[in-house]
Every structure is written in C-alpha cells, then in structure tokens.
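As stored in query.cif (mmCIF, C-alpha atoms and all ligand atoms):
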data_structure
loop_
_atom_site.label_atom_id
_atom_site.label_comp_id
_atom_site.auth_asym_id
_atom_site.auth_seq_id
_atom_site.Cartn_x
_atom_site.Cartn_y
_atom_site.Cartn_z
CA MET A 415 -12.76 -12.10 4.76
CA GLY A 416 -13.69 -13.98 1.69
CA LYS A 417 -12.40 -11.45 -0.75
CA LEU A 418 -10.36 -12.43 -3.77
CA THR A 419 -7.32 -10.34 -4.44
CA VAL A 420 -5.07 -10.68 -7.45
CA GLY A 421 -1.35 -10.21 -7.12
CA SER A 422 1.33 -10.18 -4.48
CA ASN A 423 0.93 -8.76 -1.05
CA PRO A 424 -2.16 -6.61 -1.32
CA THR A 425 -2.58 -7.03 2.41
CA PRO A 426 0.34 -6.11 4.57
CA SER A 427 -0.15 -9.15 6.71
CA ALA A 428 0.65 -9.35 10.37
CA ILE A 429 3.27 -11.95 9.63
CA SER A 430 6.43 -11.35 11.59
CA THR A 431 8.52 -14.29 10.52
CA SER A 432 12.23 -14.00 10.73
CA LYS A 433 13.52 -13.91 7.22
CA ARG A 434 15.42 -17.05 6.57
CA ARG A 435 18.34 -17.31 4.31
CA VAL A 436 19.26 -20.76 3.14
CA ILE A 437 22.97 -21.28 3.06
CA GLY A 438 25.03 -24.14 1.74
CA ASP A 439 23.48 -27.44 2.57
CA GLY A 440 20.07 -26.09 3.34
CA MET A 441 20.81 -24.88 6.84
CA GLU A 442 18.60 -21.93 7.60
CA VAL A 443 19.74 -18.79 9.34
CA ALA A 444 17.51 -15.99 10.51
CA SER A 445 18.86 -12.87 8.88
CA ASP A 446 16.40 -10.29 10.22
CA THR A 447 13.00 -10.07 11.80
CA SER A 448 10.92 -8.46 9.07
CA PRO A 449 7.92 -10.43 7.87
CA LEU A 450 8.24 -12.80 4.96
CA SER A 451 6.22 -11.45 2.06
CA ASP A 452 3.82 -13.60 0.09
CA HIS A 453 6.41 -13.47 -2.67
CA GLU A 454 9.09 -14.93 -0.38
CA LEU A 455 6.75 -17.53 1.08
CA MET A 456 5.88 -18.60 -2.45
CA GLY A 457 9.60 -19.09 -2.98
CA LEU A 458 9.57 -21.69 -0.20
CA ALA A 459 6.53 -23.38 -1.75
CA ILE A 460 8.33 -23.43 -5.10
CA GLU A 461 11.35 -25.07 -3.44
CA GLU A 462 9.03 -27.74 -2.06
CA ALA A 463 7.48 -28.25 -5.49
CA ARG A 464 10.98 -28.80 -6.94
CA ILE A 465 11.78 -31.38 -4.27
CA GLY A 466 8.57 -33.16 -5.23
CA SER A 467 9.43 -33.23 -8.91
CA GLU A 468 12.83 -34.77 -8.10
CA GLN A 469 10.82 -37.57 -6.51
CA GLY A 470 8.66 -38.07 -9.57
CA GLU A 471 5.75 -36.05 -8.24
CA VAL A 472 3.79 -33.36 -10.03
CA PRO A 473 5.61 -30.22 -8.81
CA ILE A 474 3.24 -28.55 -6.41
CA GLY A 475 4.42 -27.25 -3.05
CA ALA A 476 2.81 -25.60 -0.05
CA VAL A 477 3.74 -23.91 3.20
CA VAL A 478 1.63 -22.97 6.21
CA VAL A 479 2.44 -19.85 8.19
CA VAL A 480 1.02 -19.14 11.65
CA ASP A 481 1.89 -16.06 13.68
CA GLY A 482 4.70 -15.34 11.30
CA LYS A 483 6.30 -18.75 11.52
CA VAL A 484 6.45 -21.33 8.76
CA ILE A 485 5.19 -24.38 10.62
CA ALA A 486 4.72 -26.79 7.74
CA ARG A 487 6.01 -27.26 4.22
CA ARG A 488 5.10 -30.16 1.96
CA HIS A 489 4.95 -31.18 -1.64
CA ASN A 490 2.55 -33.30 -3.59
CA GLU A 491 3.03 -37.01 -2.75
CA ARG A 492 0.30 -38.64 -4.76
CA GLU A 493 2.58 -40.94 -6.74
CA GLN A 494 4.60 -42.18 -3.75
CA SER A 495 1.58 -42.73 -1.58
CA GLN A 496 -0.93 -43.65 -4.29
CA ASP A 497 -3.31 -41.67 -2.14
CA PRO A 498 -5.59 -39.27 -4.01
CA THR A 499 -5.67 -36.94 -0.99
CA SER A 500 -1.90 -36.43 -0.94
CA HIS A 501 -2.03 -32.90 -2.30
CA ALA A 502 0.72 -30.57 -1.04
CA GLU A 503 -1.54 -28.11 0.77
CA LEU A 504 -3.61 -30.85 2.38
CA LEU A 505 -0.49 -32.53 3.77
CA ALA A 506 0.86 -29.18 4.94
CA VAL A 507 -2.40 -28.26 6.68
CA ARG A 508 -2.47 -31.64 8.43
CA ASP A 509 1.12 -31.15 9.59
CA ALA A 510 0.29 -27.64 10.79
CA ALA A 511 -2.70 -28.88 12.81
CA ALA A 512 -0.56 -31.62 14.36
CA GLN A 513 2.11 -29.06 15.12
CA LEU A 514 -0.39 -26.75 16.84
CA GLY A 515 -2.37 -29.54 18.46
CA SER A 516 -5.51 -27.97 17.06
CA TRP A 517 -7.71 -28.49 14.02
CA ARG A 518 -8.49 -24.77 14.05
CA LEU A 519 -5.96 -22.88 11.98
CA GLU A 520 -7.60 -19.49 12.40
CA ASN A 521 -4.39 -17.50 12.12
CA ALA A 522 -2.94 -19.55 9.32
CA THR A 523 -1.96 -18.50 5.85
CA VAL A 524 -1.60 -21.35 3.37
CA VAL A 525 0.70 -20.60 0.45
CA VAL A 526 0.54 -23.05 -2.45
CA THR A 527 1.98 -23.00 -5.96
CA LEU A 528 -1.24 -24.11 -7.68
CA GLU A 529 -4.80 -22.99 -7.04
CA PRO A 530 -6.39 -25.44 -4.58
CA CYS A 531 -8.90 -27.97 -5.86
CA ALA A 532 -12.37 -28.42 -4.35
CA MET A 533 -11.07 -30.96 -1.83
CA CYS A 534 -8.30 -28.70 -0.60
CA ALA A 535 -10.35 -25.50 -0.66
CA GLY A 536 -12.97 -27.42 1.33
CA LEU A 537 -10.25 -28.36 3.78
CA MET A 538 -9.33 -24.66 4.15
CA VAL A 539 -12.95 -23.96 5.11
CA ASN A 540 -12.96 -26.83 7.60
CA ALA A 541 -9.61 -25.80 9.07
CA ARG A 542 -10.84 -22.17 9.36
CA VAL A 543 -7.72 -20.78 7.73
CA ALA A 544 -7.43 -17.01 7.45
CA ARG A 545 -5.77 -16.70 4.05
CA VAL A 546 -4.92 -18.75 1.01
CA VAL A 547 -2.23 -17.46 -1.34
CA PHE A 548 -1.71 -19.33 -4.58
CA GLY A 549 0.51 -19.08 -7.63
CA ALA A 550 -0.79 -20.53 -10.89
CA ARG A 551 -4.47 -20.81 -11.61
CA SER A 552 -6.02 -24.17 -12.29
CA TYR A 553 -8.71 -23.72 -14.90
CA GLU A 554 -9.52 -27.42 -14.77
CA ASN A 555 -9.74 -27.92 -11.02
CA GLY A 556 -9.45 -24.61 -9.25
CA ALA A 557 -11.85 -23.92 -6.41
CA CYS A 558 -10.39 -20.61 -5.25
CA GLY A 559 -11.70 -18.47 -8.07
CA SER A 560 -11.40 -20.37 -11.36
CA LEU A 561 -14.31 -22.83 -11.22
CA TYR A 562 -15.59 -22.20 -7.72
CA GLN A 563 -14.78 -19.71 -5.02
CA LEU A 564 -15.12 -21.76 -1.86
CA GLY A 565 -13.29 -19.10 0.14
CA SER A 566 -16.10 -16.62 -0.16
CA ASP A 567 -19.34 -18.55 -0.24
CA PRO A 568 -21.60 -17.15 2.47
CA ARG A 569 -23.53 -20.43 2.58
CA LEU A 570 -20.48 -22.10 4.11
CA ASN A 571 -19.61 -21.66 7.76
CA HIS A 572 -16.26 -20.01 7.16
CA GLU A 573 -14.73 -17.67 4.62
CA PHE A 574 -11.09 -16.95 3.93
CA GLU A 575 -9.19 -14.32 2.05
CA THR A 576 -7.75 -15.48 -1.27
CA VAL A 577 -4.76 -13.97 -3.04
CA SER A 578 -4.08 -15.31 -6.52
CA ASP A 579 -1.31 -15.09 -9.11
CA VAL A 580 1.68 -14.75 -6.78
CA ARG A 581 4.72 -15.76 -8.89
CA ALA A 582 2.21 -17.44 -11.18
CA ALA A 583 4.57 -17.63 -14.16
CA GLU A 584 7.23 -19.51 -12.17
CA CYS A 585 4.66 -21.84 -10.64
CA SER A 586 3.05 -22.73 -13.94
CA GLU A 587 6.40 -23.09 -15.67
CA LEU A 588 7.37 -25.73 -13.12
CA LEU A 589 4.28 -27.67 -14.10
CA SER A 590 4.64 -27.26 -17.86
CA THR A 591 8.33 -28.24 -17.71
CA TYR A 592 7.42 -31.32 -15.71
CA PHE A 593 4.68 -32.40 -18.09
CA ALA A 594 6.84 -31.66 -21.15
CA GLY A 595 9.45 -34.02 -19.65
CA LEU A 596 6.90 -36.81 -19.44
CA ARG A 597 6.17 -36.64 -23.15
ZN ZN A 601 -6.13 -30.34 -3.81
#
Let me see whether you can do it: turn the structure in this file into structure tokens.
Amino acid sequence: MGKLTVGSNPTPSAISTSKRRVIGDGMEVASDTSPLSDHELMGLAIEEARIGSEQGEVPIGAVVVVDGKVIARRHNEREQSQDPTSHAELLAVRDAAAQLGSWRLENATVVVTLEPCAMCAGLMVNARVARVVFGARSYENGACGSLYQLGSDPRLNHEFETVSDVRAAECSELLSTYFAGLR
C-alpha cells in the first residue's frame, strides 16, 4: 500500500472484469472474461474525457472498478455545474459509493486521465480506495506524486497504491488540444 509505481500494469491486479467491446452505437458486449488492464481501463477514462470536451468541459475522465467491474464512469462537469468539486474522479467515486451503498471503497481502483488534485486525492483517502491509476501528471495541482503524495502519507489514516503515467501522452494531448482550441 502507498507505493508509487510508474507505468502500466506493474501489479497484476485481481480485476476480473469481462472485457467489453463497444460496437456500433455504443452498445457493449462482453467478449471474454479476462481482466481489463490498466491500459484498457484508461481507454474508458479517455472516452469519458472526450465526451466531456464535446460538452465544453476540460477533457478529464475517470472510471471506478470494483471486483473487476466498472461501476462508475464520469467526466469533468465543472462548467455545466459551476461547481468547483465537479472533478471527474470525485463524481465517479460518489457514483460508485451510491452504487455500492457504502462510503468504503476498499476494493476500488480509480482510473483517471489526469493526476488527482489535493481535493480528489483526499477523497481517495476518505473513501479508502485501494488503487489510483492516472495518466498525465499535473505539475500544478497533482497530489499523487507531483506536488504531494497523499496516497502514501503515514500520518493519514489510509494509504493507497498509486500508478502513474498510464497512456500519459494520450491523456495530456487531449488537454493540450482542448486548450489550444480555446486560444
Ligand atoms: Zn480533483
């Protein structure tokens, strides 16, 4: 717990999600029963981020996986809601807790395209998540290794494993393309 790992899938996780193939109009079909890798889960988070950018949001997406099942996927909604807490991973964690009927997400992995900020990393501590996997680093706001490492601070009452830089180039390109479009 609490360790920071760089790169995809250093831990063969116990995830046993059915692989889902999206066909045509977004209908999902289970194609086999092998676990979704962090790389594949990040693909879902990237899809979410894209949906967000189509809605005028900064393209950040997140999914929550528990016992091998994706139980929540959200994108940033700060512009639509004008709510400063509407970060993708925060919304996804709230959905996951509602889904489970429990604030404890001990078996959860949160996969998010951008390194969580202090608010969201603090949420991961409070929600007792097992793992956080992120794509691009946030040197301005990141609290999972860049500025702070809230996942492995023994003074806090919970630690989580952090995996960074999963499909980082794709995740950061989404953001730079979005911001270039605003100029
Ligand atoms: Zn955040």
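Proximity to His501 of chain A was assessed for A:His453, A:His489, A:His572, A:Arg581 counting all atoms listed in the file; the smallest distance is recorded for A:His489.
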Within 8 Å of ligand ZN 601 (chain A): each chain A residue with its shortest pair, only C-alpha atoms and all ligand atoms, as JSON lines:
{"residue": "A:Thr499", "atom": "CA", "partner": "A:ZN601", "partner_atom": "ZN", "distance": 7.2}
{"residue": "A:Ser500", "atom": "CA", "partner": "A:ZN601", "partner_atom": "ZN", "distance": 8.0}
{"residue": "A:His501", "atom": "CA", "partner": "A:ZN601", "partner_atom": "ZN", "distance": 5.1}
{"residue": "A:Ala502", "atom": "CA", "partner": "A:ZN601", "partner_atom": "ZN", "distance": 7.4}
{"residue": "A:Glu503", "atom": "CA", "partner": "A:ZN601", "partner_atom": "ZN", "distance": 6.9}
{"residue": "A:Leu504", "atom": "CA", "partner": "A:ZN601", "partner_atom": "ZN", "distance": 6.7}
{"residue": "A:Pro530", "atom": "CA", "partner": "A:ZN601", "partner_atom": "ZN", "distance": 5.0}
{"residue": "A:Cys531", "atom": "CA", "partner": "A:ZN601", "partner_atom": "ZN", "distance": 4.2}
{"residue": "A:Ala532", "atom": "CA", "partner": "A:ZN601", "partner_atom": "ZN", "distance": 6.6}
{"residue": "A:Met533", "atom": "CA", "partner": "A:ZN601", "partner_atom": "ZN", "distance": 5.4}
{"residue": "A:Cys534", "atom": "CA", "partner": "A:ZN601", "partner_atom": "ZN", "distance": 4.2}
{"residue": "A:Ala535", "atom": "CA", "partner": "A:ZN601", "partner_atom": "ZN", "distance": 7.2}
(message) I want to know what sits within 10 Å of Leu570 of chain A, based on all atoms listed in the file, with residues of the same chain fewer than 6 positions away left out; could you give that as a list in words?
(response) Gly536, Val539, Asn540 and Leu564 of chain A
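What separates atom CA of Ser467 of chain A from atom CA of Leu505 of chain A is a distance of 16.1 Å.
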(request) Just the residues within 10 Å of Ala463 of chain A, please, counting all atoms listed in the file, with nothing from its chain fewer than 3 positions along; format it as a VMD selection string. (result) chain A and resid 457 to 460 466 to 469 471 to 476 487 to 490 502 526 to 528 585 588 to 589
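For the pair atom CA of Ser560 of chain A and atom CA of Ala522 of chain A, the interatomic distance is 22.4 Å.
From atom CA of Gly565 of chain A back to atom CA of Asp509 of chain A, the distance works out to 21.0 Å.
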(request) Name the closest residue to Val525 of chain A among the candidates A:Gln494, A:Gln563, A:Gln513, A:Ser578; distances are taken between atoms, counting only C-alpha atoms. (result) A:Ser578
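Counting all atoms listed in the file and comparing A:Thr576, A:Thr419, A:Ser516, A:Ser451, the residue that lies closest to Ala544 of chain A is A:Thr576.
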Since the input lacks some atoms of segment 489-512 of chain A, please model N, CA and C atoms and print them as a PDB file, in the frame of the given file.
ATOM      1  N   HIS A 489       5.202 -31.136  -0.209  1.00  0.00           N
ATOM      2  CA  HIS A 489       4.950 -31.180  -1.640  1.00  0.00           C
ATOM      3  C   HIS A 489       3.958 -32.293  -1.927  1.00  0.00           C
ATOM      4  N   ASN A 490       3.465 -32.261  -3.135  1.00  0.00           N
ATOM      5  CA  ASN A 490       2.550 -33.300  -3.590  1.00  0.00           C
ATOM      6  C   ASN A 490       3.207 -34.675  -3.430  1.00  0.00           C
ATOM      7  N   GLU A 491       2.467 -35.654  -2.942  1.00  0.00           N
ATOM      8  CA  GLU A 491       3.030 -37.010  -2.750  1.00  0.00           C
ATOM      9  C   GLU A 491       2.115 -38.090  -3.308  1.00  0.00           C
ATOM     10  N   ARG A 492       1.321 -37.710  -4.282  1.00  0.00           N
ATOM     11  CA  ARG A 492       0.300 -38.640  -4.760  1.00  0.00           C
ATOM     12  C   ARG A 492       0.880 -39.912  -5.373  1.00  0.00           C
ATOM     13  N   GLU A 493       1.999 -39.753  -6.094  1.00  0.00           N
ATOM     14  CA  GLU A 493       2.580 -40.940  -6.740  1.00  0.00           C
ATOM     15  C   GLU A 493       3.181 -41.897  -5.701  1.00  0.00           C
ATOM     16  N   GLN A 494       3.951 -41.332  -4.768  1.00  0.00           N
ATOM     17  CA  GLN A 494       4.600 -42.180  -3.750  1.00  0.00           C
ATOM     18  C   GLN A 494       3.583 -42.889  -2.888  1.00  0.00           C
ATOM     19  N   SER A 495       2.531 -42.156  -2.535  1.00  0.00           N
ATOM     20  CA  SER A 495       1.580 -42.730  -1.580  1.00  0.00           C
ATOM     21  C   SER A 495       0.427 -43.448  -2.276  1.00  0.00           C
ATOM     22  N   GLN A 496       0.252 -43.145  -3.568  1.00  0.00           N
ATOM     23  CA  GLN A 496      -0.930 -43.650  -4.290  1.00  0.00           C
ATOM     24  C   GLN A 496      -2.193 -43.337  -3.488  1.00  0.00           C
ATOM     25  N   ASP A 497      -2.178 -42.149  -2.934  1.00  0.00           N
ATOM     26  CA  ASP A 497      -3.310 -41.670  -2.140  1.00  0.00           C
ATOM     27  C   ASP A 497      -3.833 -40.406  -2.818  1.00  0.00           C
ATOM     28  N   PRO A 498      -5.068 -40.430  -3.270  1.00  0.00           N
ATOM     29  CA  PRO A 498      -5.590 -39.270  -4.010  1.00  0.00           C
ATOM     30  C   PRO A 498      -5.721 -38.013  -3.155  1.00  0.00           C
ATOM     31  N   THR A 499      -5.594 -38.145  -1.837  1.00  0.00           N
ATOM     32  CA  THR A 499      -5.670 -36.940  -0.990  1.00  0.00           C
ATOM     33  C   THR A 499      -4.298 -36.337  -0.709  1.00  0.00           C
ATOM     34  N   SER A 500      -3.246 -36.915  -1.267  1.00  0.00           N
ATOM     35  CA  SER A 500      -1.900 -36.430  -0.940  1.00  0.00           C
ATOM     36  C   SER A 500      -1.493 -35.171  -1.709  1.00  0.00           C
ATOM     37  N   HIS A 501      -2.359 -34.182  -1.687  1.00  0.00           N
ATOM     38  CA  HIS A 501      -2.030 -32.900  -2.300  1.00  0.00           C
ATOM     39  C   HIS A 501      -1.167 -32.107  -1.318  1.00  0.00           C
ATOM     40  N   ALA A 502      -0.260 -31.295  -1.866  1.00  0.00           N
ATOM     41  CA  ALA A 502       0.720 -30.570  -1.040  1.00  0.00           C
ATOM     42  C   ALA A 502       0.067 -29.776   0.090  1.00  0.00           C
ATOM     43  N   GLU A 503      -0.957 -28.996  -0.245  1.00  0.00           N
ATOM     44  CA  GLU A 503      -1.540 -28.110   0.770  1.00  0.00           C
ATOM     45  C   GLU A 503      -2.336 -28.891   1.811  1.00  0.00           C
ATOM     46  N   LEU A 504      -2.886 -30.019   1.406  1.00  0.00           N
ATOM     47  CA  LEU A 504      -3.610 -30.850   2.380  1.00  0.00           C
ATOM     48  C   LEU A 504      -2.625 -31.450   3.384  1.00  0.00           C
ATOM     49  N   LEU A 505      -1.514 -31.958   2.875  1.00  0.00           N
ATOM     50  CA  LEU A 505      -0.490 -32.530   3.770  1.00  0.00           C
ATOM     51  C   LEU A 505       0.071 -31.457   4.688  1.00  0.00           C
ATOM     52  N   ALA A 506       0.291 -30.270   4.137  1.00  0.00           N
ATOM     53  CA  ALA A 506       0.860 -29.180   4.940  1.00  0.00           C
ATOM     54  C   ALA A 506      -0.124 -28.731   6.027  1.00  0.00           C
ATOM     55  N   VAL A 507      -1.393 -28.664   5.685  1.00  0.00           N
ATOM     56  CA  VAL A 507      -2.400 -28.260   6.680  1.00  0.00           C
ATOM     57  C   VAL A 507      -2.509 -29.320   7.779  1.00  0.00           C
ATOM     58  N   ARG A 508      -2.431 -30.575   7.405  1.00  0.00           N
ATOM     59  CA  ARG A 508      -2.470 -31.640   8.430  1.00  0.00           C
ATOM     60  C   ARG A 508      -1.268 -31.543   9.354  1.00  0.00           C
ATOM     61  N   ASP A 509      -0.091 -31.306   8.768  1.00  0.00           N
ATOM     62  CA  ASP A 509       1.120 -31.150   9.590  1.00  0.00           C
ATOM     63  C   ASP A 509       0.972 -29.952  10.523  1.00  0.00           C
ATOM     64  N   ALA A 510       0.432 -28.869   9.991  1.00  0.00           N
ATOM     65  CA  ALA A 510       0.290 -27.640  10.790  1.00  0.00           C
ATOM     66  C   ALA A 510      -0.644 -27.890  11.975  1.00  0.00           C
ATOM     67  N   ALA A 511      -1.749 -28.585  11.726  1.00  0.00           N
ATOM     68  CA  ALA A 511      -2.700 -28.880  12.810  1.00  0.00           C
ATOM     69  C   ALA A 511      -2.046 -29.760  13.873  1.00  0.00           C
ATOM     70  N   ALA A 512      -1.255 -30.739  13.425  1.00  0.00           N
ATOM     71  CA  ALA A 512      -0.560 -31.620  14.360  1.00  0.00           C
ATOM     72  C   ALA A 512       0.442 -30.819  15.188  1.00  0.00           C
TER      73      ALA A 512
END
